[in-house]
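Student: Got a structure for you, written out below as structure tokens; questions coming shortly.
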Amino acid sequence: MACEVRFLTNEARLRFLDPLLHYSDEFVDCSPNLSIGRFLSFLQELSNFKTRCKEVILLFIRQLDALGERESGIGAVPFLLGCLSELFVCLIAADGIVRANNTLREHWNGYRASISACVHSPVASTKLNISNGEVKEVDGFLVGIEKAVLSGTIFTDCIQDVGKTVVGKKVLEHIAAAISATGTEIEATQDPTRIGYRVVGAGAFLILHTTLSRTAVDKKLLRIFLDLCRLNPVTPLWRNVSISPADSILQLIPDSMKHVDRKQLQTIPPAKEGILQARIAGMPKDVAAFKTDAMDWVERMQTLATESEPVISDECAAFLRNGLLLARKVQNYVMQTFHYHSVLLKPISRTVLQHLGVMLEILVVLKGCVDRYGLAVCQLSERVKDFFASRIHMACYNLEKRLALEKRGNFGAVDQVDSLTALKVLQQAVATGPLTEERLVVLRVCFGICLATKRWPSEEIAFVLSAIPVIKDLCSFQKSFRIACDVSIFYWNRMVLRPYLEEVYQNPIQAARLTVLLAAFETSAAGLHAARHETSSVLLKNYRTVIMGEVKEYILDPLCKDIETNLRLLVHSHLSLPDRNPFESAVRDLRMFTSLGPIYFLGQCVSVRDYVEKYLDRTFYDLTTVALHDWKTYDEMRSLAFHLYGLNVIQAHLPNQTVEQGADILEIMRNINSFVTSYTYNLNNQVFVERSSNNKHLNTIGIRHVANSLRTHGIGVMNTTVNYTYQFLRKNFNIFSQFMFDEQIKSRLIKDIKLFRELKQTDAMARYPFEKAEKFNKGIRTLGVTPDGLTKLDQFRLLITHIGNAMGFVRTVRSGGLHQCSKAICFIPDLEDLESFEELGKTEAIATEFSAAKDLDEVVTLLTKNLSDGTEFFKLLVEVFSGEFRHAKNRHLQNFYVIVPPLMVNFVDHAVTCKERIHKKNPSGLVLFTDDGFAMGVAYILALLNQNSQFDSLNWNDSVREKFRKDAEAAALVNRPPTGTRTEAENDEKLKQALKLTARRVDAYVKEFDLLFYSFSSARIFFKSTVAPPPAAVTTESAAATGETPAMPPAAPPSAS
């Protein structure tokens, strides 16, 4: 019967407590109803287990009652009651888990409501394809399960059934003796985990005693129990389940509060506070002692495991058991610390958490040591058991001879027979086979019977009493050690992982603790394998996701960012960065993390080194693609990462410049109006630069981009581009003609022409006065300005600039075409002497069909033509408009050459203003460094009007140089040191400063005019060879060249009559 009780106890611990405890809505992927549906079979098994416990407890009490009538059986009663108390503790733990599991009750109520709805709704049961009678059966089954299990009265129901049995006084005396002896046993025990079980067991016996006696609770026994509760006010039952024995047991005793000593009961709450405070105060000392003992035990175990023939003695047995007791002490210390804080609702300080983390590591290290030397531990424990078994066998043999020699009259014949029989059985148990748990039960019972003879010497009794616990622990030493090192309490206290990880990260020298911590949290989730409401694979996967998420958030991600920051600071150490004083801020050696080996957690392997390498790979690659010019910086950081942290960051293999195609020529062609206004043209580099942008960079379009587009779309798109440009120019020349026809503008120009002709009559080398151009530029403002502050002359300058940009675009397209053609034709050796592949094939008679050779000849001919005949685009655009421009009806356009000097003055003013803004921190307005479209536009219009000679007759270049030469001489004369008396004006520093600024401005204007003249001279070269045929021929030729019939250029407005 004792074996059956122990079997039920083990079954409760292994099969029922963990599934009840782990039922929750955490880490599940299913609905509450589905969870309860899966859990029903377990609840039915638990109900059956409860029924079996009732039967076994009832039989146990009856056999105990029968055993109590014989004196020889008295010695075995304490052991038997100890077995029963462990079963009672498991039943009380099950009730405590059920009552504390609010999630289980909520899900159960929801499930019951769903079934009840089906009972009262035939439509619902029909949808489920079950009859209403079957639904009622299910509902009745659920009612029975709820009453048997979920009411939290498993232990009470078992005791109440036993209370119906009539027992003798001996049973009550044995139970009372067991309660009274609990205090003595607690003081004598070396196993701290048994203390709580004994206190709760004493409370269970108190309930059993009251139930069997059918009287009020015994006050003496109640005082004894409350004294035990005062010394142990909080008792762990199973994993994270704990109770206050005084409160829980007194609730189960009828009318207990009428018989309890109030003063004695009031001493228990202060005892909880006192024990917790004392534990916190002594924790540093206790943890240091645990750490020292653990290190000594591990070192001794390593020595024993390496010895070929270790000496088996009492010291060896004590060593093994001391390791087991050390693990149990540390485990109990951790669990009680958590439980006391939970019961008293006290927050756990960071210092206490650090000490708990150290004890957690101690348990992991001890367990790892036993697992590492498992074979040696198994052999050693078996030899120690045999050593003690042989000594017990010898003691039994000596007692048997002594009993055989004594006369029967000394004690009863029945008792003598019982004693001799027990000795025989005990000898067989220790001598005929391995000491299993069943044989150990037989040994304990037989030894108790033999003790009743009182014939054993006291020294042998002491030896056997000390040997039995040792043998019990060594029977399943590795299993007991695994249970002693169980850290499942941390599963329900996962919030402590975050401060642990933060502490480890702040102290990289403790990086090795990371592996131990994760191993502990992996072990703490072992109970999930027994879960019945969800598959263990799903629970473990979700639990792993949560834990690894914490590790990534508090270890891996900060590590990646700090390593990247350190690399950046080292690479940019030549800059004026703030000093990092190691005395003010601690210097952390992050290499301790990158040198860690792979970390395994629930089947997932995480390498800190690989994680950081992938982060740096991704970061360096992404940032290099954003700013290609920083490739060298990231290459240096990559090298430093290897030398400082041992990280092998792969090369990005990105080019050190942009390789994208750029803007598409078709998009530019279709939006040429916005293109010429949004970009400025650089004549020398043949590149367009964006005027302004909301980004930190400006887009550019050059020959390479155009060549890429032509490679995509074909050379034929060039003619279409010229046609689109013609359409754009036609519209803008209409506006140009209207401006020149304006009476206010035309009258000023005619007046200037008349004055200049008068100067020419007196001086053949006369120059157009610079002052006249300045006066025209300033006087035009009187005609009005736009909301943007632009005068009519400013708008006219922008119009000419847009025309010049369009011509620059045609030039860029042509250069891109030549660039593409030169690449395509680079393998033809002689472009002037082309061989016909078709003729060569026919001559050599290498084949009968020559279509491929003919196609090749056509391609080569086309490429050669495109390469040589591409210089006519400017000529074409001059010819198509020149006839209309020079027509008599557009005579007002002949005044254009006179407005060019004021336009140049206006352009230079605009250019100087834009370039001065470049050096400002926050410029307001347009910022330009090149705008050659104006020079290109002026040159093009002068070619259309055939007024190059007329413009040259103005000698405008000489006039500008003469004007600024005089300004420079005047500024130099003022800055010359005085030779005579110093006047007040000469000493005026403000005047000198103003004159210096004037000289600087004069120099800027001189450079800008020179740059304009250079660009203008270069642009005129493009149109020198253009000769304008008659208008009809121009239109016909342009139409033939573009493939489309162009519209006529704008006609001159009607003349005023």
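How things are named: the first chain in the structure tokens is A, the next is B, and so on; residues count from 1 in each chain; ligands count from 1 in the order shown.
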What lies within 10 Å of A:Val464 using only C-alpha atoms, ignoring chain neighbours under 4 positions off, as a list in words?
Tutor: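 The filter keeps Phe388, Ala389, Arg391, Ile392, Ala395, Cys396, Arg444, Phe447, Ser458, Glu459, Glu460, Ile468, Pro469 and Val470 of chain A.
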Student: Once you have the residues from the selection above, write them out as a PDB file, in the first residue's frame, restricted to C-alpha atoms.
Tutor:
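Just written: again-v6.pdb:
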ATOM      1  CA  PHE A 388      25.997   0.927   2.352  1.00  0.00           C
ATOM      2  CA  ALA A 389      23.830  -2.050   1.431  1.00  0.00           C
ATOM      3  CA  ARG A 391      26.969  -2.712   5.803  1.00  0.00           C
ATOM      4  CA  ILE A 392      23.196  -2.787   6.408  1.00  0.00           C
ATOM      5  CA  ALA A 395      23.972  -5.267  10.727  1.00  0.00           C
ATOM      6  CA  CYS A 396      20.857  -7.317   9.928  1.00  0.00           C
ATOM      7  CA  ARG A 444      12.047   1.296   5.438  1.00  0.00           C
ATOM      8  CA  PHE A 447      13.504  -1.559   9.490  1.00  0.00           C
ATOM      9  CA  SER A 458      22.210   2.268  19.233  1.00  0.00           C
ATOM     10  CA  GLU A 459      25.291   2.747  17.024  1.00  0.00           C
ATOM     11  CA  GLU A 460      23.906   0.400  14.373  1.00  0.00           C
ATOM     12  CA  ILE A 468      18.603   5.225   4.500  1.00  0.00           C
ATOM     13  CA  PRO A 469      18.391   8.907   3.369  1.00  0.00           C
ATOM     14  CA  VAL A 470      21.720   8.501   1.563  1.00  0.00           C
TER      15      VAL A 470
END
Student: Residues near stretch 638-654 of chain A, anyone? I mean within 12 Å using only C-alpha atoms, not counting same-chain ones fewer than 4 positions away, as a tab-separated table (two decimals) with N, CA and C atoms, in the first residue's frame.
Tutor:
chain	number	residue	atom	x	y	z
A	559	LEU	N	24.20	45.96	-29.12
A	559	LEU	CA	25.58	45.61	-29.45
A	559	LEU	C	25.91	46.04	-30.88
A	560	CYS	N	25.00	45.78	-31.82
A	560	CYS	CA	25.24	46.17	-33.21
A	560	CYS	C	25.41	47.69	-33.33
A	562	ASP	N	26.23	49.88	-30.96
A	562	ASP	CA	27.42	50.39	-30.27
A	562	ASP	C	28.69	50.07	-31.07
A	563	ILE	N	28.75	48.89	-31.65
A	563	ILE	CA	29.93	48.55	-32.47
A	563	ILE	C	30.00	49.47	-33.68
A	564	GLU	N	28.86	49.72	-34.31
A	564	GLU	CA	28.85	50.64	-35.46
A	564	GLU	C	29.28	52.04	-35.03
A	565	THR	N	28.79	52.50	-33.87
A	565	THR	CA	29.16	53.82	-33.38
A	565	THR	C	30.65	53.90	-33.09
A	566	ASN	N	31.20	52.87	-32.45
A	566	ASN	CA	32.63	52.87	-32.15
A	566	ASN	C	33.46	52.90	-33.43
A	567	LEU	N	33.03	52.14	-34.42
A	567	LEU	CA	33.77	52.13	-35.69
A	567	LEU	C	33.72	53.50	-36.35
A	568	ARG	N	32.56	54.15	-36.30
A	568	ARG	CA	32.45	55.48	-36.91
A	568	ARG	C	33.34	56.49	-36.19
A	569	LEU	N	33.34	56.44	-34.85
A	569	LEU	CA	34.17	57.39	-34.10
A	569	LEU	C	35.65	57.17	-34.38
A	570	LEU	N	36.05	55.93	-34.53
A	570	LEU	CA	37.45	55.65	-34.82
A	570	LEU	C	37.83	56.10	-36.23
A	571	VAL	N	36.94	55.88	-37.18
A	571	VAL	CA	37.23	56.28	-38.55
A	571	VAL	C	37.29	57.80	-38.67
A	589	ASP	N	34.56	46.43	-23.31
A	589	ASP	CA	35.20	45.59	-24.31
A	589	ASP	C	34.12	44.73	-24.97
A	590	LEU	N	33.56	45.24	-26.04
A	590	LEU	CA	32.47	44.55	-26.72
A	590	LEU	C	32.94	43.30	-27.45
A	591	ARG	N	34.25	43.12	-27.54
A	591	ARG	CA	34.76	41.90	-28.18
A	591	ARG	C	34.40	40.65	-27.36
A	592	MET	N	34.11	40.84	-26.06
A	592	MET	CA	33.71	39.70	-25.24
A	592	MET	C	32.42	39.07	-25.77
A	593	PHE	N	31.55	39.88	-26.37
A	593	PHE	CA	30.31	39.35	-26.94
A	593	PHE	C	30.56	38.68	-28.28
A	594	THR	N	31.35	39.33	-29.13
A	594	THR	CA	31.58	38.77	-30.47
A	594	THR	C	32.42	37.51	-30.42
A	595	SER	N	33.14	37.28	-29.33
A	595	SER	CA	33.94	36.07	-29.21
A	595	SER	C	33.17	34.91	-28.60
A	596	LEU	N	31.89	35.14	-28.24
A	596	LEU	CA	31.08	34.05	-27.70
A	596	LEU	C	30.80	33.01	-28.78
A	607	SER	N	24.18	32.97	-33.28
A	607	SER	CA	25.58	33.36	-33.15
A	607	SER	C	25.66	34.88	-33.06
A	608	VAL	N	26.17	35.37	-31.96
A	608	VAL	CA	26.29	36.82	-31.77
A	608	VAL	C	27.18	37.41	-32.86
A	609	ARG	N	28.23	36.72	-33.15
A	609	ARG	CA	29.17	37.21	-34.17
A	609	ARG	C	28.49	37.31	-35.54
A	610	ASP	N	27.78	36.25	-35.94
A	610	ASP	CA	27.10	36.27	-37.24
A	610	ASP	C	26.03	37.34	-37.29
A	611	TYR	N	25.33	37.53	-36.17
A	611	TYR	CA	24.26	38.54	-36.13
A	611	TYR	C	24.83	39.93	-36.36
A	612	VAL	N	25.94	40.24	-35.68
A	612	VAL	CA	26.55	41.57	-35.85
A	612	VAL	C	27.12	41.72	-37.25
A	613	GLU	N	27.72	40.65	-37.78
A	613	GLU	CA	28.27	40.72	-39.14
A	613	GLU	C	27.18	41.00	-40.17
A	614	LYS	N	26.03	40.33	-40.03
A	614	LYS	CA	24.94	40.56	-40.97
A	614	LYS	C	24.42	41.99	-40.84
A	615	TYR	N	24.35	42.50	-39.62
A	615	TYR	CA	23.89	43.87	-39.42
A	615	TYR	C	24.84	44.86	-40.09
A	616	LEU	N	26.14	44.67	-39.89
A	616	LEU	CA	27.10	45.58	-40.50
A	616	LEU	C	27.10	45.43	-42.02
A	617	ASP	N	26.96	44.19	-42.51
A	617	ASP	CA	26.86	43.99	-43.96
A	617	ASP	C	25.70	44.79	-44.54
A	618	ARG	N	24.54	44.63	-43.93
A	618	ARG	CA	23.35	45.30	-44.43
A	618	ARG	C	23.47	46.82	-44.31
A	619	THR	N	23.99	47.30	-43.18
A	619	THR	CA	24.10	48.74	-42.97
A	619	THR	C	25.10	49.36	-43.93
A	620	PHE	N	26.28	48.76	-44.06
A	620	PHE	CA	27.29	49.32	-44.94
A	620	PHE	C	26.81	49.32	-46.39
A	621	TYR	N	26.13	48.25	-46.79
A	621	TYR	CA	25.66	48.18	-48.18
A	621	TYR	C	24.59	49.25	-48.44
A	622	ASP	N	23.61	49.35	-47.53
A	622	ASP	CA	22.52	50.31	-47.73
A	622	ASP	C	23.04	51.74	-47.75
A	623	LEU	N	23.92	52.08	-46.82
A	623	LEU	CA	24.42	53.45	-46.75
A	623	LEU	C	25.36	53.76	-47.91
A	624	THR	N	26.05	52.76	-48.41
A	624	THR	CA	26.91	52.99	-49.57
A	624	THR	C	26.08	53.25	-50.82
A	625	THR	N	24.96	52.55	-50.95
A	625	THR	CA	24.10	52.80	-52.10
A	625	THR	C	23.49	54.20	-52.06
A	626	VAL	N	23.26	54.72	-50.85
A	626	VAL	CA	22.71	56.06	-50.74
A	626	VAL	C	23.76	57.12	-51.06
A	627	ALA	N	24.97	56.92	-50.56
A	627	ALA	CA	26.06	57.88	-50.79
A	627	ALA	C	27.29	57.10	-51.27
A	628	LEU	N	27.41	56.96	-52.57
A	628	LEU	CA	28.49	56.13	-53.11
A	628	LEU	C	29.87	56.71	-52.80
A	629	HIS	N	29.95	58.02	-52.57
A	629	HIS	CA	31.25	58.62	-52.30
A	629	HIS	C	31.80	58.23	-50.93
A	630	ASP	N	30.96	57.60	-50.09
A	630	ASP	CA	31.42	57.18	-48.76
A	630	ASP	C	31.94	55.74	-48.75
A	631	TRP	N	32.15	55.16	-49.92
A	631	TRP	CA	32.56	53.75	-49.96
A	631	TRP	C	33.89	53.53	-49.24
A	632	LYS	N	34.77	54.49	-49.33
A	632	LYS	CA	36.08	54.33	-48.68
A	632	LYS	C	35.95	54.33	-47.17
A	633	THR	N	35.05	55.17	-46.64
A	633	THR	CA	34.83	55.22	-45.20
A	633	THR	C	34.34	53.87	-44.68
A	634	TYR	N	33.39	53.28	-45.36
A	634	TYR	CA	32.85	51.99	-44.91
A	634	TYR	C	33.87	50.87	-45.13
A	658	THR	N	27.85	56.56	-59.74
A	658	THR	CA	26.52	56.17	-60.18
A	658	THR	C	26.59	55.56	-61.56
A	659	VAL	N	25.90	54.45	-61.76
A	659	VAL	CA	25.91	53.77	-63.06
A	659	VAL	C	24.51	53.71	-63.66
Student: As an exercise, work out the distance from atom CA of A:Glu502 to atom CA of A:Ile489 in Å and give it to one decimal place.
Tutor: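 So the two atoms, atom CA of A:Glu502 and atom CA of A:Ile489, lie 20.5 Å apart.
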Student: Using only C-alpha atoms, which of A:Met637, A:Leu514, A:Val311, A:Ala806 sits nearest A:Ser674?
Tutor: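 Ranked by minimum distance to A:Ser674, first place goes to A:Ala806.
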Student: Can you tell me which residues surround stretch 507-513 of chain A at a distance of at most 12 Å, considering only C-alpha atoms, apart from same-chain residues fewer than 3 positions away, and format the answer as a ChimeraX atom specification?
Tutor: /A:354,357-362,364-365,500-504,516-520,555-556,559,586-599,608
Student: Extract the full set of strand (DSSP E or B) residues from stretch 224-258 of chain A according to DSSP on the backbone, and format it as an MDAnalysis selection string.
Tutor: chainID A and resid 235:238 241:243
